[in-house]
$ cat upload26.cif   # mmCIF, C-alpha atoms
data_data
loop_
_atom_site.label_atom_id
_atom_site.label_comp_id
_atom_site.auth_asym_id
_atom_site.auth_seq_id
_atom_site.Cartn_x
_atom_site.Cartn_y
_atom_site.Cartn_z
CA MET Z 1 16.59 13.48 5.69
CA ALA Z 2 17.89 15.70 8.36
CA PRO Z 3 17.07 14.96 11.92
CA SER Z 4 15.45 17.81 13.68
CA ASP Z 5 14.98 18.98 17.19
CA SER Z 6 11.72 19.14 19.01
CA THR Z 7 8.97 18.79 16.43
CA PRO Z 8 7.43 15.63 15.05
CA ALA Z 9 7.97 14.86 11.42
CA ASP Z 10 5.06 15.34 9.08
CA GLU Z 11 5.32 11.67 8.26
CA MET Z 12 4.91 10.72 11.89
CA LEU Z 13 2.02 13.09 12.19
CA LEU Z 14 0.34 11.45 9.22
CA ALA Z 15 0.90 8.06 10.78
CA ALA Z 16 -0.84 9.29 13.90
CA VAL Z 17 -3.65 10.65 11.73
CA ALA Z 18 -3.92 7.22 10.14
CA GLY Z 19 -4.11 5.82 13.64
CA GLY Z 20 -7.22 7.86 14.29
CA ASP Z 21 -5.65 10.48 16.52
CA THR Z 22 -7.79 13.59 16.30
CA GLU Z 23 -5.14 15.60 18.11
CA ALA Z 24 -2.81 14.79 15.24
CA VAL Z 25 -5.48 15.87 12.76
CA SER Z 26 -5.72 19.20 14.55
CA ALA Z 27 -1.97 19.59 14.48
CA LEU Z 28 -1.85 18.74 10.78
CA VAL Z 29 -4.44 21.41 10.03
CA ARG Z 30 -2.74 24.02 12.18
CA ARG Z 31 0.63 23.25 10.65
CA HIS Z 32 -0.38 23.26 7.01
CA GLN Z 33 -3.60 25.22 6.68
CA ALA Z 34 -1.85 28.26 5.25
CA ALA Z 35 -0.17 26.15 2.57
CA VAL Z 36 -3.28 24.14 1.77
CA TYR Z 37 -5.60 27.13 1.71
CA GLY Z 38 -3.00 29.03 -0.30
CA VAL Z 39 -3.13 26.34 -2.96
CA THR Z 40 -6.92 26.12 -3.06
CA ARG Z 41 -7.19 29.90 -3.12
CA SER Z 42 -4.75 30.08 -6.03
CA VAL Z 43 -6.74 27.52 -7.99
CA LEU Z 44 -10.22 28.76 -7.15
CA GLY Z 45 -9.78 32.43 -6.41
CA GLU Z 46 -12.96 32.81 -4.41
CA PRO Z 47 -12.42 32.50 -0.63
CA ALA Z 48 -15.54 30.52 0.26
CA ALA Z 49 -14.89 27.91 -2.40
CA ALA Z 50 -11.23 27.79 -1.43
CA GLU Z 51 -12.14 27.12 2.19
CA GLU Z 52 -14.51 24.38 1.17
CA ALA Z 53 -11.76 22.78 -0.88
CA ALA Z 54 -9.20 23.15 1.90
CA GLN Z 55 -11.55 21.44 4.32
CA GLU Z 56 -12.16 18.62 1.88
CA ALA Z 57 -8.42 18.27 1.29
CA PHE Z 58 -7.77 17.68 4.98
CA VAL Z 59 -10.64 15.22 5.19
CA ARG Z 60 -9.18 13.29 2.26
CA ALA Z 61 -5.77 13.38 3.88
CA TRP Z 62 -7.31 11.86 6.99
CA ARG Z 63 -9.17 9.29 4.92
CA PHE Z 64 -6.09 8.20 2.98
CA ALA Z 65 -3.36 8.81 5.54
CA GLY Z 66 -2.92 5.08 5.95
CA SER Z 67 -1.94 4.71 2.32
CA PHE Z 68 0.62 7.49 2.36
CA ASP Z 69 4.00 6.05 1.43
CA PRO Z 70 6.91 8.19 2.66
CA SER Z 71 9.26 6.55 0.19
CA ARG Z 72 7.36 8.24 -2.63
CA GLY Z 73 7.71 11.80 -1.50
CA ARG Z 74 7.26 14.25 1.30
CA ALA Z 75 4.08 14.40 3.32
CA VAL Z 76 3.58 18.10 2.72
CA ALA Z 77 3.90 17.60 -1.03
CA TRP Z 78 1.33 14.83 -0.83
CA LEU Z 79 -0.98 17.12 1.13
CA MET Z 80 -0.58 20.06 -1.25
CA THR Z 81 -1.17 17.81 -4.24
CA ILE Z 82 -4.41 16.60 -2.70
CA ALA Z 83 -5.44 20.20 -2.05
CA ARG Z 84 -4.67 21.22 -5.59
CA ASN Z 85 -6.58 18.30 -7.07
CA VAL Z 86 -9.61 18.87 -4.85
CA ALA Z 87 -9.64 22.51 -5.90
CA LEU Z 88 -9.30 21.63 -9.58
CA ASP Z 89 -12.17 19.17 -9.33
CA LEU Z 90 -14.33 21.80 -7.66
CA ARG Z 91 -13.40 24.41 -10.25
CA ARG Z 92 -14.32 22.03 -13.05
CA ARG Z 93 -17.64 21.10 -11.45
CA GLN Z 94 -18.53 24.73 -10.90
CA GLY Z 95 -17.42 25.73 -14.38
CA ARG Z 96 -15.11 28.40 -13.07
CA SER Z 97 -12.35 29.90 -15.15
CA VAL Z 98 -8.72 30.09 -14.12
CA PRO Z 99 -8.34 32.89 -11.59
CA VAL Z 100 -5.42 34.93 -12.74
CA ASP Z 101 -3.54 36.66 -9.95
CA MET Z 102 -1.99 39.61 -11.67
CA ASP Z 103 0.23 40.35 -8.71
CA VAL Z 104 1.78 36.93 -8.94
CA LEU Z 105 2.00 36.98 -12.70
CA ALA Z 106 3.53 40.42 -12.61
CA HIS Z 107 6.34 39.14 -10.42
CA ARG Z 108 5.14 40.72 -7.20
CA LEU Z 109 5.25 37.45 -5.38
CA PRO Z 110 3.74 37.79 -1.94
CA PRO Z 111 5.75 36.44 0.96
CA ALA Z 112 5.16 32.87 2.01
CA ALA Z 113 3.94 33.97 5.40
CA ASP Z 114 3.40 31.21 7.90
CA ARG Z 115 2.15 32.25 11.26
CA HIS Z 116 1.74 28.78 12.60
CA GLY Z 117 4.85 27.92 14.34
CA PRO Z 118 8.26 28.77 15.62
CA GLU Z 119 11.46 27.38 14.16
CA SER Z 120 9.79 24.77 12.00
CA ALA Z 121 7.68 27.38 10.29
CA ALA Z 122 10.82 29.33 9.56
CA GLU Z 123 12.29 26.23 7.99
CA ARG Z 124 9.23 25.72 5.82
CA SER Z 125 9.20 29.35 4.83
CA PHE Z 126 12.85 29.15 3.88
CA GLU Z 127 12.15 26.37 1.42
CA ALA Z 128 9.11 28.11 0.04
CA GLU Z 129 10.96 31.38 -0.30
CA ARG Z 130 13.85 29.69 -2.03
CA VAL Z 131 11.49 28.32 -4.65
CA ARG Z 132 9.61 31.58 -4.95
CA HIS Z 133 12.83 33.44 -5.46
CA ALA Z 134 13.78 31.02 -8.22
CA VAL Z 135 10.35 31.32 -9.82
CA GLY Z 136 10.51 35.09 -9.56
CA ALA Z 137 13.88 35.09 -11.27
CA LEU Z 138 12.54 33.39 -14.39
CA PRO Z 139 12.01 35.60 -17.40
CA ASP Z 140 8.48 36.86 -17.68
CA HIS Z 141 7.54 34.72 -20.69
CA LEU Z 142 8.54 31.56 -18.80
CA ARG Z 143 7.38 32.52 -15.31
CA ARG Z 144 3.82 33.29 -16.31
CA PRO Z 145 3.02 29.91 -17.91
CA LEU Z 146 4.66 28.07 -15.02
CA VAL Z 147 2.73 30.01 -12.38
CA LEU Z 148 -0.50 29.57 -14.29
CA ALA Z 149 0.06 25.83 -14.51
CA SER Z 150 1.43 25.03 -11.07
CA TRP Z 151 -0.25 27.52 -8.79
CA HIS Z 152 -3.45 28.20 -10.72
CA GLY Z 153 -3.92 24.77 -12.26
CA ALA Z 154 -4.28 26.05 -15.81
CA SER Z 155 -3.99 23.52 -18.62
CA ALA Z 156 -1.68 24.14 -21.55
CA SER Z 157 -4.61 25.19 -23.72
CA GLU Z 158 -5.87 27.56 -21.02
CA ILE Z 159 -2.40 29.04 -20.76
CA ALA Z 160 -2.32 29.50 -24.51
CA THR Z 161 -5.63 31.36 -24.37
CA ILE Z 162 -4.68 33.54 -21.40
CA GLU Z 163 -1.29 34.40 -22.83
CA GLY Z 164 -2.50 34.74 -26.41
CA ILE Z 165 0.08 32.32 -27.73
CA PRO Z 166 -0.16 29.11 -29.77
CA LEU Z 167 -0.66 25.89 -27.84
CA GLY Z 168 2.70 24.54 -28.94
CA THR Z 169 4.41 27.66 -27.67
CA ALA Z 170 2.69 27.28 -24.30
CA LYS Z 171 3.97 23.72 -24.05
CA THR Z 172 7.54 24.56 -25.00
CA ARG Z 173 7.59 27.49 -22.59
CA LEU Z 174 6.39 25.27 -19.79
CA ARG Z 175 9.18 22.82 -20.46
CA ALA Z 176 11.76 25.55 -20.74
CA ALA Z 177 10.57 27.07 -17.46
CA MET Z 178 10.76 23.74 -15.67
CA ARG Z 179 14.23 22.98 -16.97
CA ARG Z 180 15.57 26.39 -16.08
CA LEU Z 181 14.04 26.23 -12.63
CA ARG Z 182 15.42 22.75 -12.05
CA ASP Z 183 18.89 23.86 -13.06
CA GLN Z 184 18.68 26.89 -10.79
CA LEU Z 185 17.52 24.89 -7.79
CA GLU Z 186 20.19 22.27 -8.42
CA ALA Z 187 22.83 24.98 -8.59
CA GLU Z 188 21.76 26.37 -5.23
CA LEU Z 189 22.23 23.09 -3.44
CA PRO Z 190 25.41 22.89 -1.38
CA ALA Z 191 28.07 20.70 -2.92
CA MET M 1 12.52 19.32 -0.20
CA THR M 2 13.18 16.44 -2.42
CA GLY M 3 16.65 16.42 -3.83
CA TYR M 4 17.10 17.34 -7.40
CA PRO M 5 18.56 14.41 -9.23
CA PRO M 6 21.14 14.93 -11.91
CA SER M 7 19.73 16.06 -15.17
CA PRO M 8 18.47 13.11 -17.15
CA PRO M 9 20.64 11.86 -19.93
CA GLY M 10 18.24 12.93 -22.60
CA ARG M 11 18.53 16.48 -23.77
CA PRO M 12 16.72 17.92 -26.74
CA GLY M 13 19.71 17.27 -28.92
CA ASP M 14 19.87 13.60 -28.13
CA TRP M 15 16.23 12.69 -28.15
CA PRO M 16 16.02 9.45 -30.00
CA ALA M 17 13.29 10.30 -32.42
CA ALA M 18 10.65 12.90 -33.02
CA ASP M 19 8.13 10.26 -33.91
CA GLY M 20 7.69 6.86 -32.44
CA PRO M 21 6.94 3.69 -34.31
CA ALA M 22 3.61 3.18 -36.00
CA GLY M 23 2.34 6.66 -35.31
CA ARG M 24 2.97 6.47 -31.60
CA PRO M 25 4.43 9.61 -30.07
CA GLY M 26 8.20 9.75 -29.92
CA CYS M 27 10.37 10.94 -27.09
CA GLN M 28 10.21 14.58 -28.14
CA GLU M 29 6.44 14.71 -27.89
CA ILE M 30 6.45 12.62 -24.74
CA ARG M 31 8.80 15.06 -23.06
CA LEU M 32 6.49 17.96 -23.73
CA LEU M 33 3.58 15.98 -22.36
CA SER M 34 5.66 14.87 -19.39
CA VAL M 35 5.83 18.45 -18.21
CA GLU M 36 2.06 18.58 -18.08
CA VAL M 37 1.88 15.23 -16.31
CA ALA M 38 4.41 16.36 -13.72
CA LEU M 39 2.55 19.63 -13.18
CA GLY M 40 -0.76 17.79 -12.85
CA ILE M 41 -2.41 19.56 -15.76
CA ALA M 42 -2.44 16.74 -18.32
CA ASP M 43 -5.74 15.14 -19.23
CA GLY M 44 -6.28 11.45 -18.73
CA ALA M 45 -5.41 10.42 -22.27
CA ASP M 46 -2.14 12.34 -22.31
CA ARG M 47 -1.24 10.99 -18.89
CA ALA M 48 -1.86 7.45 -20.04
CA THR M 49 0.22 8.05 -23.15
CA VAL M 50 3.15 9.30 -21.13
CA LEU M 51 2.99 6.56 -18.53
CA ASP M 52 2.77 3.94 -21.23
CA HIS M 53 5.81 5.38 -22.96
CA VAL M 54 8.00 5.81 -19.90
CA ALA M 55 7.34 2.23 -18.86
CA GLY M 56 9.60 1.22 -21.71
CA CYS M 57 11.88 4.24 -22.09
CA ARG M 58 14.48 4.77 -19.41
CA ALA M 59 15.56 8.22 -20.58
CA CYS M 60 12.02 9.57 -20.61
CA ARG M 61 11.36 7.91 -17.26
CA ALA M 62 14.33 9.74 -15.77
CA ASP M 63 13.14 12.94 -17.36
CA LEU M 64 9.67 12.53 -15.87
CA ARG M 65 11.14 11.80 -12.47
CA SER M 66 13.23 14.94 -12.61
CA LEU M 67 10.25 16.99 -13.74
CA ALA M 68 8.13 15.58 -10.94
CA ASP M 69 10.68 16.67 -8.36
CA THR M 70 10.76 20.15 -9.83
CA ALA M 71 6.97 20.34 -10.01
CA GLU M 72 6.75 19.32 -6.37
CA ALA M 73 9.17 22.09 -5.46
CA VAL M 74 7.24 24.69 -7.44
CA LEU M 75 3.96 23.74 -5.83
CA GLY M 76 5.65 24.02 -2.45
CA GLY M 77 6.36 27.64 -3.25
CA ALA M 78 2.73 28.52 -3.93
CA PRO M 79 1.59 31.61 -2.06
CA ARG M 80 0.38 30.95 1.45
CA ALA M 81 -2.89 32.39 2.64
CA GLU M 82 -4.66 32.32 5.94
CA PRO M 83 -8.15 30.83 5.90
CA ALA M 84 -10.87 32.24 8.07
CA SER M 85 -10.73 31.03 11.62
CA GLY M 86 -12.38 27.74 12.41
CA LEU M 87 -11.01 25.57 9.61
CA GLU M 88 -9.54 23.15 12.13
CA GLN M 89 -12.89 22.65 13.83
CA ARG M 90 -14.72 22.30 10.53
CA VAL M 91 -12.29 19.61 9.48
CA LEU M 92 -12.78 17.76 12.76
CA ASP M 93 -16.56 18.05 12.39
CA ALA M 94 -16.40 16.70 8.84
CA ILE M 95 -14.25 13.79 9.97
CA ALA M 96 -16.65 13.04 12.79
CA ALA M 97 -19.47 12.99 10.26
CA ASP M 98 -17.46 10.66 8.04
CA ARG M 99 -16.81 8.35 10.95
CA ARG M 100 -20.51 8.09 11.57
CA SER M 101 -20.96 6.97 7.99
CA PRO M 102 -20.77 3.17 7.83
CA SER M 103 -19.27 3.28 4.36
CA ILE M 104 -16.18 5.20 5.32
CA THR M 105 -13.12 3.62 6.78
CA GLY M 106 -10.97 6.61 7.34
CA GLY M 107 -7.88 7.32 9.33
CA GLY M 108 -7.35 5.00 12.17
CA ALA M 109 -9.71 2.38 10.91
CA VAL M 110 -6.91 -0.07 10.27
CA GLY M 111 -3.43 -0.54 11.54
CA GLN M 112 -1.50 -1.36 14.61
CA TYR M 113 -0.58 2.18 15.44
CA PRO M 114 -1.86 3.08 18.87
CA SER M 115 -3.32 6.51 19.22
CA ILE M 116 -0.94 9.05 20.63
CA SER M 117 -3.85 10.05 22.79
CA SER M 118 -3.75 6.67 24.41
CA ALA M 119 -0.50 7.58 26.10
CA PRO M 120 -0.62 8.01 29.87
CA ALA M 121 -2.37 11.17 30.87
CA GLY M 122 0.68 12.90 32.19
CA ARG M 123 2.65 12.17 29.11
CA ARG M 124 -0.23 13.15 26.87
CA ALA M 125 -0.47 16.50 28.58
CA ALA M 126 3.19 17.11 27.98
CA ARG M 127 3.24 16.08 24.36
CA ARG M 128 1.55 18.30 21.85
CA TRP M 129 1.88 18.29 18.12
CA PRO M 130 3.44 21.63 17.38
CA PRO M 131 3.84 22.97 13.91
CA GLY M 132 6.93 21.33 12.60
CA PRO M 133 9.43 21.17 9.84
CA ASN M 134 9.00 19.70 6.48
CA LEU M 135 11.49 17.03 7.24
CA THR M 136 13.29 14.79 5.00
CA ALA M 137 13.59 14.34 1.39
CA LEU M 138 12.95 10.66 1.48
CA ALA M 139 14.76 8.45 -0.92
CA ALA M 140 13.07 8.50 -4.28
CA ALA M 141 12.88 5.12 -5.87
CA ILE M 142 12.43 4.51 -9.49
CA ALA M 143 8.83 3.70 -8.72
CA LEU M 144 8.33 7.43 -8.50
CA VAL M 145 6.76 7.03 -11.88
CA VAL M 146 3.96 5.26 -10.12
CA ALA M 147 3.77 8.04 -7.59
CA VAL M 148 3.57 10.59 -10.33
CA ALA M 149 0.77 8.63 -11.87
CA ALA M 150 -1.09 8.45 -8.59
CA TRP M 151 -0.52 12.01 -7.51
CA ALA M 152 -1.23 13.45 -10.91
CA THR M 153 -4.55 11.72 -11.21
CA ARG M 154 -6.98 14.40 -10.32
CA PRO M 155 -10.14 12.41 -9.69
CA GLN M 156 -8.33 10.19 -7.18
CA PRO M 157 -5.57 12.37 -5.85
CA ALA M 158 -4.64 10.02 -3.09
CA PRO M 159 -4.26 6.32 -3.51
CA ALA M 160 -7.17 4.59 -1.89
CA GLY M 161 -5.47 1.33 -1.10
CA PRO M 162 -5.54 -0.41 2.21
CA SER M 163 -3.81 1.15 5.14
CA ARG M 164 -0.14 0.38 5.37
CA PRO M 165 0.89 -1.92 8.19
CA GLN M 166 2.51 0.09 10.92
CA MET M 167 3.43 -0.29 14.53
CA ALA M 168 4.48 2.07 17.23
CA ALA M 169 5.32 1.93 20.89
CA ALA M 170 6.61 4.23 23.58
CA LEU M 171 10.35 4.64 24.09
CA ILE M 172 11.05 3.77 27.70
CA GLY M 173 14.18 4.51 29.70
CA THR M 174 15.76 2.09 32.15
CA SER M 175 14.04 4.01 34.94
CA GLY M 176 10.69 3.29 33.35
CA SER M 177 10.12 6.82 32.17
CA GLU M 178 8.52 7.32 28.80
CA VAL M 179 10.48 9.75 26.65
CA GLY M 180 8.89 9.42 23.24
CA THR M 181 7.63 7.15 20.51
CA ALA M 182 9.10 4.95 17.82
CA LEU M 183 7.04 4.26 14.72
CA VAL M 184 7.72 1.83 11.90
CA LEU M 185 5.80 1.86 8.63
CA ALA M 186 5.84 -1.00 6.15
CA GLY M 187 6.70 -0.36 2.53
CA ARG M 188 9.10 -1.37 -0.15
CA ARG M 189 11.54 -0.41 2.55
CA ALA M 190 10.52 0.00 6.14
CA TYR M 191 10.37 3.56 7.43
CA LEU M 192 11.35 4.41 10.98
CA SER M 193 10.46 7.60 12.76
CA VAL M 194 11.54 8.40 16.30
CA GLU M 195 10.27 11.25 18.41
CA VAL M 196 11.89 11.96 21.77
CA ASP M 197 11.57 14.70 24.33
CA GLY M 198 13.24 15.20 27.70
CA VAL M 199 16.35 13.07 27.31
CA GLN M 200 19.95 14.02 28.01
CA ALA M 201 21.47 16.21 25.36
CA GLY M 202 24.02 14.38 23.28
CA THR M 203 24.53 12.00 20.43
CA TYR M 204 22.47 8.85 20.11
CA ARG M 205 22.82 5.69 18.10
CA VAL M 206 19.52 4.56 16.62
CA MET M 207 19.42 0.79 16.86
CA VAL M 208 16.92 -1.63 15.39
CA ASP M 209 16.85 -5.12 16.79
CA SER M 210 15.72 -8.00 14.63
CA SER M 211 17.52 -11.30 14.89
CA SER M 212 20.58 -9.15 15.52
CA PRO M 213 21.11 -5.47 16.37
CA HIS M 214 21.53 -3.00 13.51
CA GLN M 215 22.66 0.58 13.83
CA VAL M 216 20.47 2.52 11.41
CA GLY M 217 21.36 6.06 12.36
CA LEU M 218 23.35 8.46 14.46
CA VAL M 219 21.60 11.59 15.63
CA SER M 220 22.62 14.55 17.71
CA SER M 221 20.22 16.29 20.06
CA PRO M 222 21.68 19.40 21.66
CA SER M 223 18.44 20.19 23.43
CA GLY M 224 17.35 16.77 24.64
CA SER M 225 14.56 16.44 22.14
CA LEU M 226 14.66 15.17 18.61
CA VAL M 227 12.72 13.86 15.69
CA TRP M 228 14.45 11.47 13.34
CA SER M 229 13.05 9.66 10.31
CA ARG M 230 14.63 7.36 7.79
CA MET M 231 14.11 4.42 5.50
CA ILE M 232 15.83 1.44 7.06
CA SER M 233 17.27 -1.73 5.60
CA VAL M 234 15.73 -3.99 8.20
CA PRO M 235 12.52 -5.52 6.83
CA PHE M 236 9.33 -4.42 8.55
CA ALA M 237 8.44 -7.98 9.45
CA ALA M 238 11.79 -8.47 11.19
CA VAL M 239 11.76 -5.35 13.35
CA ARG M 240 11.40 -6.24 17.00
CA ASP M 241 12.76 -3.40 19.12
CA VAL M 242 14.01 0.11 18.51
CA ARG M 243 16.59 1.54 20.85
CA LEU M 244 18.23 4.91 21.32
CA VAL M 245 21.64 4.57 22.93
CA GLN M 246 23.56 7.63 24.04
CA THR M 247 27.12 7.31 22.80
CA ALA M 248 28.70 9.02 25.81
CA SER M 249 26.86 7.42 28.70
CA GLY M 250 25.26 4.35 27.21
CA ALA M 251 21.87 5.51 28.47
CA THR M 252 19.30 3.48 26.58
CA TYR M 253 15.67 4.02 25.69
CA THR M 254 13.83 1.05 24.22
CA SER M 255 10.63 0.65 22.29
CA HIS M 256 9.35 -2.92 22.29
CA LEU M 257 7.40 -3.12 19.07
CA ARG M 258 6.90 -6.85 19.05
CA ALA M 259 6.73 -9.18 21.97
#
$ encode --input "upload26.cif" --output "structure tokens"
Amino acid sequence: MAPSDSTPADEMLLAAVAGGDTEAVSALVRRHQAAVYGVTRSVLGEPAAAEEAAQEAFVRAWRFAGSFDPSRGRAVAWLMTIARNVALDLRRRQGRSVPVDMDVLAHRLPPAADRHGPESAAERSFEAERVRHAVGALPDHLRRPLVLASWHGASASEIATIEGIPLGTAKTRLRAAMRRLRDQLEAELPA
Amino acid sequence: MTGYPPSPPGRPGDWPAADGPAGRPGCQEIRLLSVEVALGIADGADRATVLDHVAGCRACRADLRSLADTAEAVLGGAPRAEPASGLEQRVLDAIAADRRSPSITGGGAVGQYPSISSAPAGRRAARRWPPGPNLTALAAAIALVVAVAAWATRPQPAPAGPSRPQMAAALIGTSGSEVGTALVLAGRRAYLSVEVDGVQAGTYRVMVDSSSPHQVGLVSSPSGSLVWSRMISVPFAAVRDVRLVQTASGATYTSHLRA
């Protein structure tokens, strides 16, 4: 919970959104649209559908901002989870399949570019890059199921089909990937 | 980013049992399903099974909590992408349409928080909402299990409960100048966020006044602006004023939240 210079916390921004401040809504969109659209694009693949989902995600964030509880997690995580769930709902309704990004699966992780701000954006990008580096460092057979699940919203059975592996193997690989990633991220934290 | 708690006590080697009593899934199966719950890819039945199990199994609850933190981190690393221009306006248009709907009580419908836009014109012109940091890994309580349940529920990704009580007021210096805002949110523990711009650089004590003054934080601002957020031990209902007091000069900025 580090204090920070000059920019309002996401949590404060959400509180202002809950208070009906449209300027805060605009700021929330500007600040997080690349992350939110990135999630919906990963889940849906098709740009128009992803934009529709991103828009709906922000509207839901506005609608439920008053019930956001900062003691339960970070605002940006809450926002990205909403985006992911909206996109998954849309994908299910439209009967779309899991869009597989071969670049991502093949370990060519694109940079977490964020053109929406000065120092704060750099801070966000640092966190995202740290995670992406850790994900990229996983062995291929663990990274692919994890990316399919987290970023593309694939279920264990869909992962099994895409990867051509038994369902049980997909599940154990997911757990192994999560444990290894957790250990790696823990190890990177300063003592 | 949320901190990564120590690894849960349960490891594959010490899982209590592969099968639970009376055909119910044991810890080993639950821990495989917990991964899917944490990642948000479990179906409703599996999610219910896991949540039912962890309600009575501390080791699996800790495991789920740890997985949820990791899943949150992974999702935060998802590739960014720039939408076509105009998303901001489309969102505002959609919200305006929602507001016209009598059945929707969206942001701002409830609560004591005054709109930032209601600040004096001069101040409003000076204060914008710039893109900002992902601040603060806020303390994760054991009730994270509930959060996992809520966040992992796809059809209702955000809890639709009533708006949380909150109050905010401008931080005013002894000269009468407004320098920022203090906001307090109710919750299991009250949450205080302070935003300040244009004060003297230095170190400030963050004080909350209830029946007595409490120092709840110490923050340094080398540039004269700061944002600070924290759970506080003072109950929401008892919070009366929030003050920033510069340690060197004693300069004080006060936010009167309750008369």
$ atom_distance --input "upload26.cif" --atom1 "CA of Ala77 (chain Z)" --atom2 "CA of Leu51 (chain M)"
20.7 Å
$ resolve_selection --input "upload26.cif" --expression "the PyMOL selection byres ((chain M and resi 91-96) around 9)" --output "number ranges by chain"
Z: 22, 25-26, 29, 54-56, 58-59, 62-63; M: 86-90, 97-101, 106
$ closest_residue --input "upload26.cif" --among "M:Met207, M:Val37, M:Val184, M:Leu32" --to "chain Z" --atoms "only C-alpha atoms"
M:Leu32
$ closest_residue --input "upload26.cif" --among "Z:Ile165, Z:Ala16, Z:Ala187, Z:Ala170" --to "chain M" --atoms "all atoms listed in the file"
Z:Ala16
$ atom_distance --input "upload26.cif" --atom1 "CA of Asp63 (chain M)" --atom2 "CA of Arg179 (chain Z)"
10.1 Å
